[in-house]
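> Have a look at this one.
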Amino acid sequence: MTAPAPDRLIFIYNADGGLVQMVLDSLHKTLSPATYPCSLCALTYGSLRMDPKWRKWLAALGIPAVFQHKDDTPHKHVPLPAVLCESGGQIEVLIDAPTLDGIATLDALIALMEARLSRRVSG
């Protein structure tokens with residue numbers, strides 16, 4: 001049985017939102033990347049902005065994306081970081097924290113996203 005195409009993707013960062021936190025996170029990623037707690041941030045963001053390659057890939061994907069932080073997500077039960085998939089009001093984890101933590105490059109994240117989304121739609 002095939003799952004319906006996602007209505008939206010929810011990317012939840014293991015970081016708090018806000019300008020001050022963004023600056024602190026940027027410093028942490030730069031000075032001590034091995035101890036930075038958000039692999040999703042590390043993969044998809046440079047020092048202060050979203051990686052242009054990631055932004056372009058998301059735009060071409062054609063699925064609305066929502067970006068949340070650990071302090072503003074309603075999904076408090078999900079270990080972070082995480083990528084969730086919402087279809088017909090149902091939400092499921094598309095990529096969990098341990099998997100994200102094991103991804104080394106943005107290209108690998110994109111390949112995994114494509115594989116998981118393809119599998120959802122094609123069964």
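Every chain in the structure tokens takes a letter, A first, then B, and so on in the order presented; its residues are numbered from 1, and the ligands are numbered from 1 following the presented order.
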Using DSSP assignments from the backbone, pull out every residue in region 63-92 of chain A that falls under strand (DSSP E) and give it to me as a PyMOL selection string.
chain A and resi 65-69+82-87+90-92
> Of the residues A:Leu40, A:Ala15, A:Leu84, A:Val78, which is the one nearest to Gly102 (chain A), using only C-alpha atoms?
A:Leu40
> Enter the distance from CA of Asn14 (chain A) to CA of His69 (chain A), in Å, rounded to one decimal.
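About the pair CA of Asn14 (chain A) and CA of His69 (chain A): they are 6.3 Å apart.
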> For each of A:Arg116, A:Asp51, A:Asp7, A:Ser39, take the minimum atom-to-atom distance to Ala104 (chain A), counting only C-alpha atoms, then give the residue where this is smallest.
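So, comparing all the options, the nearest one is A:Ser39.
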> Which is closer to Ala42 (chain A) than all the others in A:Pro79, A:Pro6, A:Tyr13, A:Ala111, using only C-alpha atoms?
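Closest to Ala42 (chain A) of all the choices is A:Tyr13.
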